[in-house]
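*Asks:* As input, take start35.csv (CSV, C-alpha atoms and all ligand atoms):
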chain,number,residue,atom,x,y,z
A,1,MET,CA,0.0,0.0,0.0
A,2,ALA,CA,1.4,3.4,-1.0
A,3,ARG,CA,0.0,6.4,0.9
A,4,VAL,CA,1.0,9.7,-0.7
A,5,TYR,CA,1.8,13.0,1.1
A,6,ASN,CA,-1.5,14.8,0.6
A,7,PHE,CA,-1.4,18.6,0.7
A,8,SER,CA,-5.0,19.1,-0.3
A,9,ALA,CA,-6.9,22.1,1.1
A,10,GLY,CA,-10.0,20.0,1.7
A,11,PRO,CA,-11.2,17.4,1.9
A,12,ALA,CA,-7.8,16.7,3.3
A,13,VAL,CA,-5.4,14.3,5.0
A,14,LEU,CA,-6.7,12.4,8.0
A,15,PRO,CA,-4.6,10.7,10.7
A,16,GLU,CA,-3.7,7.2,9.4
A,17,GLU,CA,-4.4,5.7,12.8
A,18,VAL,CA,-8.0,7.0,12.6
A,19,LEU,CA,-8.5,5.5,9.1
A,20,ARG,CA,-7.1,2.1,10.2
A,21,GLU,CA,-9.5,2.0,13.2
A,22,ALA,CA,-12.4,2.9,11.1
A,23,ALA,CA,-11.4,0.1,8.6
A,24,ASP,CA,-11.2,-2.4,11.5
A,25,GLU,CA,-14.7,-1.4,12.6
A,26,MET,CA,-16.2,-1.1,9.1
A,27,LEU,CA,-18.2,-4.4,9.1
A,28,ASP,CA,-18.9,-4.7,12.9
A,29,TYR,CA,-18.8,-1.7,15.1
A,30,GLN,CA,-17.8,-2.8,18.6
A,31,GLY,CA,-19.8,-6.0,18.5
A,32,SER,CA,-23.0,-4.4,17.2
A,33,GLY,CA,-22.8,-6.6,14.0
A,34,GLN,CA,-23.3,-3.4,11.9
A,35,SER,CA,-21.3,-0.7,10.3
A,36,VAL,CA,-21.8,2.8,11.8
A,37,MET,CA,-23.1,3.6,8.3
A,38,GLU,CA,-25.9,1.2,8.7
A,39,MET,CA,-27.2,2.0,12.2
A,40,SER,CA,-30.1,4.1,13.3
A,41,HIS,CA,-29.2,7.6,14.5
A,42,ARG,CA,-31.7,7.0,17.3
A,43,SER,CA,-30.0,3.8,18.5
A,44,LYS,CA,-28.3,3.6,21.9
A,45,VAL,CA,-25.0,2.7,20.2
A,46,TYR,CA,-25.1,5.7,18.0
A,47,ASP,CA,-26.2,8.0,20.8
A,48,LYS,CA,-23.0,7.1,22.6
A,49,ILE,CA,-20.9,8.0,19.5
A,50,ILE,CA,-22.4,11.5,19.1
A,51,LYS,CA,-22.5,12.2,22.9
A,52,GLU,CA,-18.9,11.1,23.3
A,53,ALA,CA,-17.8,13.2,20.3
A,54,GLU,CA,-19.4,16.3,21.8
A,55,ALA,CA,-17.9,15.6,25.2
A,56,ASP,CA,-14.4,15.1,23.8
A,57,LEU,CA,-14.7,18.3,21.7
A,58,ARG,CA,-15.8,20.2,24.8
A,59,GLU,CA,-12.8,19.0,26.7
A,60,LEU,CA,-10.4,19.8,23.8
A,61,MET,CA,-11.6,23.3,23.3
A,62,ASN,CA,-12.6,23.9,26.9
A,63,ILE,CA,-16.1,25.0,25.8
A,64,PRO,CA,-18.0,26.6,28.6
A,65,ASP,CA,-21.4,25.2,29.7
A,66,ASN,CA,-23.3,28.2,28.3
A,67,TYR,CA,-22.3,27.3,24.7
A,68,LYS,CA,-24.1,24.8,22.6
A,69,VAL,CA,-22.3,22.5,20.2
A,70,LEU,CA,-24.3,21.7,17.0
A,71,PHE,CA,-23.5,19.2,14.3
A,72,LEU,CA,-25.0,20.6,11.2
A,73,GLN,CA,-25.2,20.0,7.4
A,74,GLY,CA,-25.0,22.2,4.4
A,75,GLY,CA,-21.3,23.1,4.7
A,76,ALA,CA,-19.8,26.3,5.8
A,77,SER,CA,-21.4,27.9,2.8
A,78,GLN,CA,-24.9,27.3,4.1
A,79,PHE,CA,-23.9,28.6,7.4
A,80,PHE,CA,-23.1,32.0,5.7
A,81,ALA,CA,-26.9,32.3,5.4
A,82,GLU,CA,-27.7,30.9,8.8
A,83,VAL,CA,-25.7,33.6,10.5
A,84,PRO,CA,-27.9,36.5,9.4
A,85,MET,CA,-31.1,34.4,9.6
A,86,ASN,CA,-30.5,33.8,13.2
A,87,LEU,CA,-28.6,36.9,14.3
A,88,MET,CA,-29.7,39.9,12.2
A,89,LYS,CA,-32.3,41.4,14.5
A,90,ASN,CA,-31.4,45.0,13.4
A,91,LYS,CA,-30.8,43.8,9.9
A,92,LYS,CA,-27.2,45.2,10.0
A,93,ALA,CA,-23.9,43.6,10.5
A,94,GLY,CA,-20.2,44.3,9.9
A,95,TYR,CA,-17.9,42.0,7.8
A,96,ILE,CA,-14.1,42.0,7.5
A,97,ILE,CA,-13.2,40.9,4.0
A,98,THR,CA,-9.9,38.9,4.0
A,99,GLY,CA,-10.6,36.5,1.1
A,100,GLN,CA,-13.0,34.6,-0.9
A,101,TRP,CA,-14.8,32.9,2.0
A,102,ALA,CA,-15.3,36.1,4.0
A,103,LYS,CA,-16.5,37.8,0.8
A,104,LYS,CA,-19.1,35.0,0.1
A,105,ALA,CA,-20.3,35.3,3.7
A,106,TYR,CA,-20.6,39.1,3.2
A,107,GLN,CA,-22.5,38.7,0.0
A,108,GLU,CA,-24.9,36.2,1.7
A,109,GLY,CA,-25.4,38.6,4.5
A,110,LYS,CA,-26.5,41.3,2.0
A,111,ILE,CA,-29.4,39.1,1.0
A,112,TYR,CA,-30.9,39.5,4.5
A,113,GLY,CA,-30.0,43.0,5.5
A,114,GLU,CA,-27.3,45.6,5.4
A,115,ALA,CA,-23.9,43.9,5.4
A,116,VAL,CA,-21.2,46.6,5.9
A,117,GLU,CA,-17.6,46.1,4.8
A,118,LEU,CA,-15.6,47.1,7.9
A,119,ALA,CA,-12.2,46.5,6.4
A,120,SER,CA,-10.7,44.6,3.5
A,121,SER,CA,-7.4,43.4,2.2
A,122,ALA,CA,-8.6,43.1,-1.4
A,123,ASP,CA,-6.2,46.0,-2.4
A,124,LYS,CA,-3.2,43.6,-2.1
A,125,THR,CA,-4.9,40.3,-3.2
A,126,PHE,CA,-5.7,39.4,0.3
A,127,SER,CA,-2.1,38.9,1.3
A,128,TYR,CA,-2.5,40.4,4.7
A,129,ILE,CA,-5.0,40.8,7.6
A,130,PRO,CA,-6.1,44.5,8.0
A,131,ASP,CA,-5.6,46.4,11.2
A,132,CYS,CA,-8.8,45.6,13.2
A,133,SER,CA,-8.1,47.7,16.3
A,134,ASP,CA,-10.5,50.6,15.5
A,135,LEU,CA,-13.1,49.6,13.0
A,136,PRO,CA,-16.1,51.7,12.0
A,137,ILE,CA,-18.5,49.5,14.0
A,138,THR,CA,-21.8,51.2,14.8
A,139,ASP,CA,-24.1,50.5,17.7
A,140,ASP,CA,-26.9,49.1,15.5
A,141,MET,CA,-24.8,46.2,14.2
A,142,ASP,CA,-25.9,42.8,15.2
A,143,TYR,CA,-22.5,41.2,14.9
A,144,VAL,CA,-19.0,41.4,13.5
A,145,TYR,CA,-18.0,38.6,11.1
A,146,ILE,CA,-14.6,37.3,10.3
A,147,CYS,CA,-13.0,34.3,8.5
A,148,GLU,CA,-10.1,33.5,10.9
A,149,ASN,CA,-7.9,31.5,8.6
A,150,ASN,CA,-8.0,32.2,4.9
A,151,THR,CA,-7.7,28.8,3.2
A,152,ILE,CA,-7.1,30.2,-0.3
A,153,TYR,CA,-4.8,33.1,0.4
A,154,GLY,CA,-2.9,31.6,3.4
A,155,THR,CA,-3.4,34.4,6.0
A,156,GLU,CA,-4.5,33.9,9.6
A,157,TYR,CA,-5.6,36.3,12.3
A,158,LYS,CA,-3.0,36.4,15.1
A,159,GLU,CA,-5.2,38.6,17.2
A,160,LEU,CA,-9.0,38.9,17.2
A,161,PRO,CA,-10.6,42.2,16.1
A,162,ASN,CA,-11.8,44.7,18.5
A,163,THR,CA,-15.5,44.3,18.0
A,164,LYS,CA,-16.4,47.2,20.4
A,165,GLY,CA,-18.7,44.9,22.4
A,166,LYS,CA,-20.5,43.4,19.4
A,167,ILE,CA,-20.8,39.6,19.0
A,168,LEU,CA,-18.0,38.1,17.1
A,169,VAL,CA,-18.9,35.4,14.5
A,170,SER,CA,-15.9,33.5,13.2
A,171,ASP,CA,-15.4,30.9,10.4
A,172,ILE,CA,-12.6,28.6,11.5
A,173,SER,CA,-13.1,25.9,8.9
A,174,SER,CA,-9.4,25.7,8.0
A,175,ASN,CA,-7.8,26.2,11.4
A,176,PHE,CA,-10.3,24.3,13.6
A,177,LEU,CA,-8.5,22.5,16.4
A,178,SER,CA,-5.1,23.7,15.2
A,179,LYS,CA,-4.4,25.6,18.4
A,180,PRO,CA,-6.0,26.4,21.7
A,181,VAL,CA,-8.9,28.9,21.5
A,182,ASP,CA,-10.7,31.0,24.0
A,183,VAL,CA,-14.3,30.2,23.2
A,184,THR,CA,-15.6,33.0,25.5
A,185,LYS,CA,-14.3,35.6,23.0
A,186,TYR,CA,-16.9,34.5,20.4
A,187,GLY,CA,-20.7,34.6,20.1
A,188,VAL,CA,-20.5,32.0,17.3
A,189,VAL,CA,-17.5,30.0,16.1
A,190,TYR,CA,-17.9,27.4,13.5
A,191,GLY,CA,-16.3,25.4,10.7
A,192,GLY,CA,-16.8,22.8,8.1
A,193,VAL,CA,-15.0,19.8,9.3
A,194,GLN,CA,-13.5,18.6,6.0
A,195,LYS,CA,-10.4,20.7,6.3
A,196,ASN,CA,-8.7,20.0,9.6
A,197,VAL,CA,-11.1,17.7,11.4
A,198,GLY,CA,-12.8,14.9,9.4
A,199,PRO,CA,-14.5,13.9,6.2
A,200,ALA,CA,-16.9,16.2,4.4
A,201,GLY,CA,-20.5,16.5,5.4
A,202,CYS,CA,-20.7,18.3,8.7
A,203,VAL,CA,-20.3,21.8,10.1
A,204,ILE,CA,-19.7,22.1,13.8
A,205,ALA,CA,-21.0,25.3,15.3
A,206,ILE,CA,-20.3,26.4,18.9
A,207,ILE,CA,-22.9,29.0,19.8
A,208,ARG,CA,-23.5,31.0,23.0
A,209,GLU,CA,-26.8,29.9,24.4
A,210,ASP,CA,-28.4,33.3,24.6
A,211,LEU,CA,-28.0,33.7,20.8
A,212,ILE,CA,-30.2,30.7,20.2
A,213,THR,CA,-33.7,31.9,20.1
A,214,ASP,CA,-37.1,31.8,18.3
A,215,ASP,CA,-36.5,35.4,17.2
A,216,VAL,CA,-35.1,34.7,13.7
A,217,LEU,CA,-35.8,36.4,10.4
A,218,PRO,CA,-39.2,35.6,8.9
A,219,GLY,CA,-39.0,32.8,6.4
A,220,THR,CA,-36.1,31.0,8.1
A,221,PRO,CA,-36.5,27.3,7.3
A,222,THR,CA,-37.0,25.1,10.4
A,223,MET,CA,-33.8,23.2,9.7
A,224,LEU,CA,-31.7,26.4,9.6
A,225,LYS,CA,-33.0,27.8,12.8
A,226,TRP,CA,-30.4,27.1,15.4
A,227,LYS,CA,-33.0,26.6,18.1
A,228,THR,CA,-34.5,23.6,16.2
A,229,GLN,CA,-31.1,22.0,16.2
A,230,ALA,CA,-30.2,22.9,19.7
A,231,ASP,CA,-33.5,21.7,21.2
A,232,ALA,CA,-33.0,18.3,19.5
A,233,ASP,CA,-29.3,18.0,20.4
A,234,SER,CA,-28.4,17.9,16.6
A,235,LEU,CA,-30.8,15.0,16.1
A,236,TYR,CA,-33.8,16.9,14.7
A,237,ASN,CA,-33.4,14.9,11.6
A,238,THR,CA,-30.8,12.4,10.4
A,239,PRO,CA,-27.4,13.9,11.1
A,240,PRO,CA,-24.2,13.1,9.0
A,241,CYS,CA,-23.7,10.0,11.2
A,242,TYR,CA,-20.6,8.6,9.7
A,243,THR,CA,-18.8,11.9,9.5
A,244,ILE,CA,-19.5,12.6,13.1
A,245,TYR,CA,-18.2,9.2,14.0
A,246,ILE,CA,-14.9,9.9,12.3
A,247,CYS,CA,-14.7,13.4,13.8
A,248,GLY,CA,-15.1,11.7,17.2
A,249,LYS,CA,-12.1,9.4,16.4
A,250,VAL,CA,-10.1,12.5,15.4
A,251,PHE,CA,-11.0,14.1,18.8
A,252,LYS,CA,-9.7,11.1,20.6
A,253,TRP,CA,-6.5,11.1,18.5
A,254,LEU,CA,-6.0,14.8,19.4
A,255,LYS,CA,-6.5,14.1,23.1
A,256,LYS,CA,-4.0,11.2,22.9
A,257,ASN,CA,-1.5,13.4,21.2
A,258,GLY,CA,-1.5,16.1,23.9
A,259,GLY,CA,-4.5,18.2,22.9
A,260,LEU,CA,-4.5,21.6,21.2
A,261,LYS,CA,-1.5,23.1,22.9
A,262,ALA,CA,0.7,20.2,21.7
A,263,MET,CA,-0.9,20.5,18.3
A,264,GLN,CA,-0.1,24.2,18.1
A,265,GLU,CA,3.5,23.5,19.0
A,266,ARG,CA,3.7,20.8,16.3
A,267,ASN,CA,2.0,23.1,13.7
A,268,ILE,CA,4.4,26.0,14.4
A,269,GLU,CA,7.4,23.7,14.0
A,270,LYS,CA,6.0,22.1,10.9
A,271,ALA,CA,5.1,25.4,9.2
A,272,LYS,CA,8.5,26.8,10.1
A,273,VAL,CA,10.3,24.1,8.0
A,274,LEU,CA,8.4,25.3,4.9
A,275,TYR,CA,8.4,29.1,5.6
A,276,ASP,CA,12.1,29.1,6.4
A,277,PHE,CA,12.9,27.5,3.1
A,278,LEU,CA,10.6,29.9,1.2
A,279,ASP,CA,12.5,32.8,2.9
A,280,GLU,CA,15.9,31.6,1.7
A,281,SER,CA,14.9,30.1,-1.7
A,282,LYS,CA,15.9,31.9,-4.9
A,283,LEU,CA,13.2,30.2,-6.9
A,284,PHE,CA,10.2,29.8,-4.6
A,285,LYS,CA,8.6,32.6,-2.6
A,286,GLY,CA,5.7,32.9,-0.2
A,287,THR,CA,2.9,35.2,-1.2
A,288,VAL,CA,1.8,36.5,2.1
A,289,VAL,CA,2.9,39.2,4.6
A,290,LYS,CA,5.1,37.4,7.2
A,291,GLU,CA,3.2,38.5,10.3
A,292,CYS,CA,0.0,37.1,8.8
A,293,ARG,CA,1.1,33.7,7.7
A,294,SER,CA,-1.2,30.8,8.2
A,295,LEU,CA,0.0,27.8,10.0
A,296,MET,CA,-2.3,25.6,7.9
A,297,ASN,CA,-2.3,26.8,4.3
A,298,VAL,CA,1.0,27.9,2.6
A,299,PRO,CA,0.7,29.4,-0.8
A,300,PHE,CA,3.9,30.0,-2.9
A,301,VAL,CA,5.0,30.7,-6.4
A,302,THR,CA,8.0,30.6,-8.7
A,303,GLY,CA,6.9,33.7,-10.5
A,304,ASN,CA,6.8,31.7,-13.8
A,305,GLU,CA,3.5,29.9,-14.6
A,306,GLU,CA,5.2,27.3,-16.7
A,307,LEU,CA,7.7,26.5,-14.0
A,308,ASP,CA,4.8,26.3,-11.5
A,309,ALA,CA,3.1,23.7,-13.7
A,310,LYS,CA,6.3,21.7,-14.1
A,311,PHE,CA,6.8,21.7,-10.4
A,312,ILE,CA,3.3,20.5,-9.7
A,313,LYS,CA,3.6,17.7,-12.2
A,314,GLU,CA,7.0,16.5,-11.0
A,315,ALA,CA,5.9,16.8,-7.3
A,316,THR,CA,2.8,14.7,-8.0
A,317,GLU,CA,4.9,12.0,-9.7
A,318,ALA,CA,7.1,12.0,-6.6
A,319,GLY,CA,4.1,11.4,-4.3
A,320,PHE,CA,3.5,15.0,-3.1
A,321,VAL,CA,-0.1,15.5,-4.3
A,322,ASN,CA,-2.7,18.3,-4.4
A,323,LEU,CA,-0.2,21.1,-4.4
A,324,LYS,CA,-1.9,23.2,-7.1
A,325,GLY,CA,-3.0,26.6,-5.8
A,326,HIS,CA,-6.7,27.5,-5.8
A,327,ARG,CA,-8.1,28.0,-9.2
A,328,THR,CA,-8.6,31.7,-8.6
A,329,VAL,CA,-5.0,32.4,-7.6
A,330,GLY,CA,-2.7,29.9,-9.3
A,331,GLY,CA,0.7,28.9,-8.2
A,332,MET,CA,1.1,26.3,-5.4
A,333,ARG,CA,-0.4,25.8,-2.0
A,334,ALA,CA,0.6,23.3,0.6
A,335,SER,CA,-2.1,22.7,3.2
A,336,ILE,CA,-0.3,21.3,6.2
A,337,TYR,CA,-3.2,20.4,8.6
A,338,ASN,CA,-2.9,18.6,11.9
A,339,ALA,CA,-2.7,15.2,10.3
A,340,MET,CA,0.2,16.1,8.0
A,341,PRO,CA,3.3,14.7,9.7
A,342,LYS,CA,6.4,17.0,10.0
A,343,GLU,CA,8.3,14.4,7.9
A,344,GLY,CA,5.9,15.1,5.0
A,345,VAL,CA,6.9,18.8,5.0
A,346,GLU,CA,10.6,18.0,5.4
A,347,LYS,CA,10.4,15.7,2.4
A,348,LEU,CA,8.5,18.3,0.4
A,349,VAL,CA,11.2,20.9,1.2
A,350,ALA,CA,13.9,18.4,0.2
A,351,PHE,CA,12.1,17.9,-3.1
A,352,MET,CA,11.7,21.7,-3.6
A,353,LYS,CA,15.5,22.1,-3.0
A,354,GLU,CA,16.3,19.5,-5.6
A,355,PHE,CA,13.8,21.1,-8.1
A,356,GLU,CA,15.4,24.5,-7.5
A,357,ALA,CA,18.9,23.2,-8.1
A,358,LYS,CA,17.8,21.7,-11.4
A,359,ASN,CA,15.8,24.6,-12.6
A,360,ALA,CA,17.8,27.6,-11.4
B,1,LIG,C1,-13.7,25.5,2.6
B,1,LIG,C2,-14.2,26.6,3.3
B,1,LIG,C3,-15.5,27.1,3.3
B,1,LIG,C4,-16.6,26.4,2.5
B,1,LIG,O1,-16.9,25.2,3.0
B,1,LIG,P1,-18.0,24.3,2.4
B,1,LIG,O2,-18.2,23.3,3.5
B,1,LIG,O3,-17.6,23.7,1.1
B,1,LIG,O4,-19.2,25.1,2.2
B,1,LIG,C5,-15.8,28.2,4.0
B,1,LIG,N1,-14.9,28.8,4.8
B,1,LIG,C6,-13.6,28.4,4.8
B,1,LIG,C7,-12.6,29.2,5.6
B,1,LIG,C8,-13.2,27.3,4.1
B,1,LIG,O5,-11.9,27.0,4.1
Have the structure of the file written as structure tokens, please.
Ligand SMILES: *Cc1c(COP(=O)(O)O)cnc(C)c1O
*Replies:*
Amino acid sequence: MARVYNFSAGPAVLPEEVLREAADEMLDYQGSGQSVMEMSHRSKVYDKIIKEAEADLRELMNIPDNYKVLFLQGGASQFFAEVPMNLMKNKKAGYIITGQWAKKAYQEGKIYGEAVELASSADKTFSYIPDCSDLPITDDMDYVYICENNTIYGTEYKELPNTKGKILVSDISSNFLSKPVDVTKYGVVYGGVQKNVGPAGCVIAIIREDLITDDVLPGTPTMLKWKTQADADSLYNTPPCYTIYICGKVFKWLKKNGGLKAMQERNIEKAKVLYDFLDESKLFKGTVVKECRSLMNVPFVTGNEELDAKFIKEATEAGFVNLKGHRTVGGMRASIYNAMPKEGVEKLVAFMKEFEAKNA
């Protein structure tokens, strides 16, 4: 069996240990005689899976009791609409535009009310995080929205914005569980799990209880009202059962490996291997302002499209796959999530050095 080094932005690499365990349990989950794919979401055995997943996540992220954890469907993209539907009481909110995902959320917000652009880094192709210390936030805004790690452009907030007392809503799809977080700083923090947590199909939303109410925008579908999901402990209808089961295994893997502090240390070390090389390379260069570099997604270019294509082709042949940059930006991007071993990044850098020597 030949496993590649998978630098995909999402769906992305998962811990091999988790995949092996799931394989072992595929035909008979812990003596139930069934695969988790085949069992009722209302069964005792599945109830234990989802409850344990939530408990482990609460422990990992130190989630306070006054926050609900919801396992939802529709992807992060559907959540872009759920935010205004559930929170836009005054029909006005502020958005910080740091890339394509923030922009999409902002455009979705505009469907439901007045979405105001508070700051943007579009002027320099989203290569930095704007200064968020004194934003034009007004009293009538229902929330301030950010995308905390910009998967496509490779920037990450190192400090949360000053929201002037307004609720902070944050999309952490691509840096979910990559480092410790202080949940109390957010009203809503959420992410699609298919980047750094599990397989596609589930969004995990951590929402302060007082923000979960019946007071939603008229026309909000039952399924998209957070109260529906919260009242039913994410079992209003059939949840993405198998995805939640795998996420639960990843949570246990994270706990076993020292939790989020240890993960952060590993991620810093791992990213340093690649960024240090990009800083010294004569051929490859990073595309992002140093202080704003993401620990998870690392875009880089040679400055020559043909050479980029040649690099991607040869890297793929050598077992380093999914290095092509996002279709809207070109170049390369290495996504180095929790499950990417440091060895994978070291080998990639060795390969880049070799390529540079041959193509200089
Ligand atoms: C991938 C991604 C999304 C979109 O996720 P879907 O689940 O495909 O809708 C949104 N935000 C961020 C930060 C992402 O990386």
*Asks:* Find the spatial neighbours of region 342-346 of chain A, counting only C-alpha atoms, within a cut-off of 10 Å - ignore same-chain residues fewer than 3 positions away - and output them as an mmCIF file with C-alpha atoms, in the frame of the given file.
*Replies:*
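Written out: out35.cif:
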data_model
loop_
_atom_site.group_PDB
_atom_site.id
_atom_site.type_symbol
_atom_site.label_atom_id
_atom_site.label_comp_id
_atom_site.auth_asym_id
_atom_site.auth_seq_id
_atom_site.Cartn_x
_atom_site.Cartn_y
_atom_site.Cartn_z
ATOM 1 C CA VAL A 4 1.000 9.700 -0.700
ATOM 2 C CA TYR A 5 1.800 13.000 1.100
ATOM 3 C CA ASN A 6 -1.500 14.800 0.600
ATOM 4 C CA PHE A 7 -1.400 18.600 0.700
ATOM 5 C CA ARG A 266 3.700 20.800 16.300
ATOM 6 C CA ASN A 267 2.000 23.100 13.700
ATOM 7 C CA GLU A 269 7.400 23.700 14.000
ATOM 8 C CA LYS A 270 6.000 22.100 10.900
ATOM 9 C CA ALA A 271 5.100 25.400 9.200
ATOM 10 C CA LYS A 272 8.500 26.800 10.100
ATOM 11 C CA VAL A 273 10.300 24.100 8.000
ATOM 12 C CA LEU A 274 8.400 25.300 4.900
ATOM 13 C CA PHE A 320 3.500 15.000 -3.100
ATOM 14 C CA ALA A 334 0.600 23.300 0.600
ATOM 15 C CA SER A 335 -2.100 22.700 3.200
ATOM 16 C CA ILE A 336 -0.300 21.300 6.200
ATOM 17 C CA ASN A 338 -2.900 18.600 11.900
ATOM 18 C CA ALA A 339 -2.700 15.200 10.300
ATOM 19 C CA VAL A 349 11.200 20.900 1.200
ATOM 20 C CA ALA A 350 13.900 18.400 0.200
ATOM 21 C CA PHE A 351 12.100 17.900 -3.100
ATOM 22 C CA MET A 352 11.700 21.700 -3.600
#
*Asks:* Would you mind telling me which residue in A:Ile50, A:Val181, A:Val193, A:Leu57 lies nearest to ligand LIG 1 (chain B) when using all atoms listed in the file?
*Replies:*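 Once distances to ligand LIG 1 (chain B) are computed over all atoms listed in the file, the minimum belongs to A:Val193.
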*Asks:* Neighbours of ligand LIG 1 (chain B) at 8 Å or closer, counting all atoms listed in the file: which residues, as a list in words?
*Replies:*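 Based on all atoms listed in the file, ligand LIG 1 (chain B) is surrounded within 8 Å by Ala9, Gly10, Gly74, Gly75, Ala76, Ser77, Gln78, Phe79, Trp101, Ala102, Cys147, Glu148, Asn149, Asn150, Thr151, Ile152, Asp171, Ile172, Ser173, Ser174, Gly191, Gly192, Val193, Gln194, Lys195, Ala200, Gly201, Cys202 and Val203 of chain A.
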*Asks:* Do a neighbour search on region 236-245 of chain A at 10 Å with all atoms listed in the file, toss out local chain neighbours closer than 3 positions, and write the hits as a PyMOL selection string.
*Replies:* chain A and resi 22+35-42+46+49-50+52-54+71-73+193-194+197-204+222-223+228-233+248-251
*Asks:* Please return, as a list in words, all polymer residues that have at least one atom within 9 Å of the point (11.6, 26.4, 1.0); use only C-alpha atoms and the file's own coordinate frame.
*Replies:*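 Counting only C-alpha atoms, I find these residues within 9 Å of (11.6, 26.4, 1.0): Val273, Leu274, Tyr275, Asp276, Phe277, Leu278, Asp279, Glu280, Ser281, Leu283, Phe284, Lys285, Gly286, Leu348, Val349, Ala350, Met352 and Lys353 of chain A.
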*Asks:* Would you please work out which residue, of A:Ile146, A:Leu70, A:Met332, A:Leu168, is nearest to Arg58 (chain A) when using only C-alpha atoms?
*Replies:*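 For Arg58 (chain A), the nearest of the candidates is A:Leu70.
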*Asks:* Here is a test: counting all atoms listed in the file, which residue of A:Gly99, A:Gly94, A:Pro341, A:Pro84 is nearest to Leu217 (chain A)?
*Replies:* A:Pro84
*Asks:* So which residues touch Ala309 (chain A) within 9 Å, counting all atoms listed in the file, skipping near sequence neighbours fewer than 4 positions away, as a PDB file with C-alpha atoms, keeping the file's coordinate frame?
*Replies:*
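The new file out35.pdb reads:
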ATOM      1  CA  ASN A 304       6.800  31.700 -13.800  1.00  0.00           C
ATOM      2  CA  GLU A 305       3.500  29.900 -14.600  1.00  0.00           C
ATOM      3  CA  LYS A 313       3.600  17.700 -12.200  1.00  0.00           C
ATOM      4  CA  GLU A 314       7.000  16.500 -11.000  1.00  0.00           C
ATOM      5  CA  LYS A 324      -1.900  23.200  -7.100  1.00  0.00           C
ATOM      6  CA  GLY A 331       0.700  28.900  -8.200  1.00  0.00           C
ATOM      7  CA  MET A 332       1.100  26.300  -5.400  1.00  0.00           C
TER       8      MET A 332
END
*Asks:* Work out how far CA of Lys68 (chain A) is from CA of Phe176 (chain A), in Å to one decimal.
*Replies:*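 If I compute the distance from CA of Phe176 (chain A) to CA of Lys68 (chain A), I get 16.5 Å.
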*Asks:* Could you jot down the CA of Thr287 (chain A) to CA of Glu317 (chain A) separation for me, Å, one decimal place?
*Replies:* 24.8 Å
*Asks:* Could you put an axis-aligned box around every listed atom of region 78-84 of chain A, padded by 8 Å on each side, and send me its centre and edge lengths in Å to one decimal, as JSON?
*Replies:*
{"center_x": -25.5, "center_y": 31.9, "center_z": 7.3, "size_x": 20.8, "size_y": 25.2, "size_z": 22.4}
*Asks:* Using Å and a single decimal, report how far CA of Val144 (chain A) sits from CA of Lys91 (chain A).
*Replies:*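 Interatomic distance, CA of Lys91 (chain A) to CA of Val144 (chain A): 12.6 Å.
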*Asks:* Please determine, counting all atoms listed in the file, which residue among A:Lys89, A:Lys347, A:Arg293, A:Lys227 has the shortest atom-to-atom distance to Tyr153 (chain A).
*Replies:*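 Closest candidate: A:Arg293.
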